[in-house]
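Right, one structure below, let's go through it.
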Amino acid sequence: MKKTGTVCKLLMFLFIVCLLTGCWDKEELEDKAYVIGLGIDRSNHKGKIKVTMLLANPEVGSMQGGGGSTEKPREIITFDANDFIAAKGTANAIISRTISYELLKIFIVSEEFAKDKNFMTIFSEVVMDKEIRMDSYLAISKENASEYFLKNRPKMETRPHKYFQYMVNHGIENGLIPDSTLFRFFTTTERGTDLFMAMYTSAEKDKNPKVHREDEYMAGQVNATGELDDTQFIGSAVFRNGVMIGKLNGQETRTVNILDDTTNIKDLLLDIPDSFSNNQEQFAARVLKTKSNKVKMNVKGATLKIDITIPLKIEIMSNPSMVNFAKKRNQQIVKRQIANHIKKVNEKLFKKTQTKLKGAPFPLSMYARRYFGTIQEFKKFNWRKSYLNADIRVHPSIEIIDFGKQAKPTKR
């Protein structure tokens with residue numbers, strides 16, 4: 001009995017000792033240098049790429065760092081490397097802390113390099129690194145990524161991880177940029193039937209930019225002045241088979257986001273031509289998408305026919321022509337005007353995708369697959385070729401839920 005008790009105590013002692021060894025592999029927060037943004041450019045040296053790392057200081061702005069910290073909130077380094085995975089080891093020759101991609105939020109790729117035929121071969125290494133999450137975003141910059149990070153100096157939010165989080169999330173909700181995660185990029189490229197849209201950004205403002213409607217801009221074209229950062233997120237870069245082939249402005253990107261049910265958009269603010277005005281005035285409206293689109297196809301005929309019904313709820317925010325919307329006739333006129341405007345914008349977009357881009361910029365082919373019994377039948381149908389000659393008709397289903405405040409007639 002004594003031997004049994006001794007053995008039990010010894011086993012209990014060993015068990016407790018094992019529990020105390022749980023912190024042997026601990027890592028302190030200040031021991032790592034977290035890469036928030038990773039830039040990729042074409043290098044002047046053959047077989048290499050230019051890698052830019054935007055490093056965030058986790059202590060700045062936190063409770064541990066305190067308010068009186070004199071450390072910089074970020075650090076930027078650029079160098080030539082064979083790939084951006086092994087570049088972490090090279091960066092440690094410059095940075096004292098261990099380089100980590102665990103908090104990597106966004107990839108910035110220059111437009112020049114995104115159009116290179118070797119871009120997909122190099123960028124596909126993303127899936128090999130376990131630290132890189134597939135919910136990170138891919139963005140295309142008009143200038144080199146190394147220049148982009150240096151010129152990107154936000155005034156209100158100095159912490160880089162918060163800045164990109166706010167800009168990307170709000171841009172997707174407003175529909176001005178696409179939801180271009182790495183997961184979407186690789187699944188769309190692997191599917192091979194549709195085009196992929198990546199968010200477009202720039203830290204260089206165009207000289208003497210033209211004034212357009214509120215959403216017809218590309219990044220760098222919005223002529224804003226004041227104490228602000230010149231970095232802009234608006235529009236999208238279009239990819240086919242992992243190579244950039246074109247661009248869409250903010251209005252076209254927003255239209256695609258409305259057509260794409262997989263995009264998490266909320267309420268959109270836009271201007272619509274006022275049918276009651278002779279001076280080409282426009283009224284502001286809030287567009288709400290609460291239901292999914294209805295897509296019907298006829299794949300049996302010689303020409304592919306596609307009918308898309310878009311259910312939208314509208315709130316009228318302004319009334320420049322001072323029309324009395326209490327009258328049913330005026331309500332019907334403005335409802336018809338909104339439907340015609342949305343239909344016109346969508347038809348213009350589809351014409352551009354069929355003639356210039358040569359493909360659908362959202363997973364429209366997924367609706368066509370259900371009309372075929374096997375994958376072989378769908379491949380024989382040749383979706384890419386059929387889409388170029390397809391008869392696409394858009395049917396906006398408009399429900400006006402609020403006509404705004406109405407001016408009441410004054411009593412004598």
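Scheme for the structure tokens: letters A, B, ... for chains in order shown; per-chain residue numbers from 1; ligand numbers from 1 in order shown.
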Tell me, as a compact mmCIF listing (two decimals) with C-alpha atoms, in the first residue's frame, which residues lie within 8 Å of segment 285-297 of chain A, counting only C-alpha atoms; anything in the same chain fewer than 5 positions away does not count.
# COMPACT_ATOMS: atom_id res chain seq x y z
CA ILE A 258 -24.99 45.14 -56.93
CA LEU A 259 -25.09 42.32 -59.46
CA ASP A 261 -24.83 38.59 -54.46
CA ILE A 265 -22.75 45.81 -49.65
CA LYS A 266 -25.15 47.81 -47.50
CA ASP A 267 -26.77 51.09 -48.42
CA LEU A 268 -25.39 53.02 -51.40
CA LEU A 269 -25.65 56.77 -51.90
CA LEU A 270 -25.81 57.91 -55.51
CA ASP A 271 -27.22 60.64 -57.76
CA ILE A 272 -29.96 59.93 -60.31
CA LEU A 304 -27.51 32.57 -74.82
CA LYS A 305 -30.28 34.62 -73.22
CA ILE A 306 -29.87 35.99 -69.68
CA ASP A 307 -32.54 37.80 -67.67
CA ILE A 308 -31.47 39.42 -64.38
CA THR A 309 -34.01 40.87 -61.97
CA ILE A 310 -32.50 43.27 -59.41
CA PRO A 311 -34.73 44.01 -56.39
CA LEU A 312 -33.85 47.37 -54.86
CA LYS A 313 -35.37 49.62 -52.22
CA ILE A 314 -34.95 53.36 -52.70
CA GLU A 315 -35.01 56.28 -50.30
CA ILE A 316 -35.15 59.70 -51.99
CA MET A 317 -32.83 62.05 -50.11
CA SER A 318 -33.24 65.32 -52.05
CA TYR A 367 -25.89 30.40 -62.42
CA ALA A 368 -25.38 28.68 -65.78
**Study point:** Close residues, Phe185 of chain A itself excluded, 10 Å, only C-alpha atoms, min 5 positions apart in chain, as a list of chain:residue names
**Key:** A:Met134, A:Tyr137, A:Leu138, A:Asp179, A:Ser180, A:Glu190, A:Leu195, A:Phe196, A:Met197, A:Ala198, A:Phe239, A:Asn241, A:Gly242
Review point. So which residues touch segment 345-355 of chain A within 9 Å, counting only C-alpha atoms, skipping near sequence neighbours fewer than 4 positions away, as number ranges by chain?
Key: A: 251-252, 255-256, 259, 340-341, 359-361, 387-390, 392-394
Check your understanding: segment 32-48 of chain A: which residues within 9 Å, counting only C-alpha atoms, same-chain residues fewer than 3 positions away excluded, as JSON, numbers by chain?
Key -> {"A": [27, 28, 29, 51, 52, 53, 54, 55, 56, 57, 58, 78, 80, 81, 82, 83, 84, 95, 96, 97, 98, 99, 100, 101, 102, 103, 104, 105, 106, 107, 108, 109, 110, 111, 112, 113, 114, 116, 144, 145, 146, 148, 149, 160, 161, 164]}
Point to revise | A:Thr189, A:Asp391, A:Leu182, A:Met167 ranked by distance to Arg133 of chain A, top pick (using only C-alpha atoms) | key: A:Leu182
Practice item. Find the residues near Met156 of chain A: any atom within 10 Å, counting only C-alpha atoms, skip ones fewer than 6 places away on the same chain, and give them as a list in words. Key: Tyr163, Leu228 and Asp229 of chain A
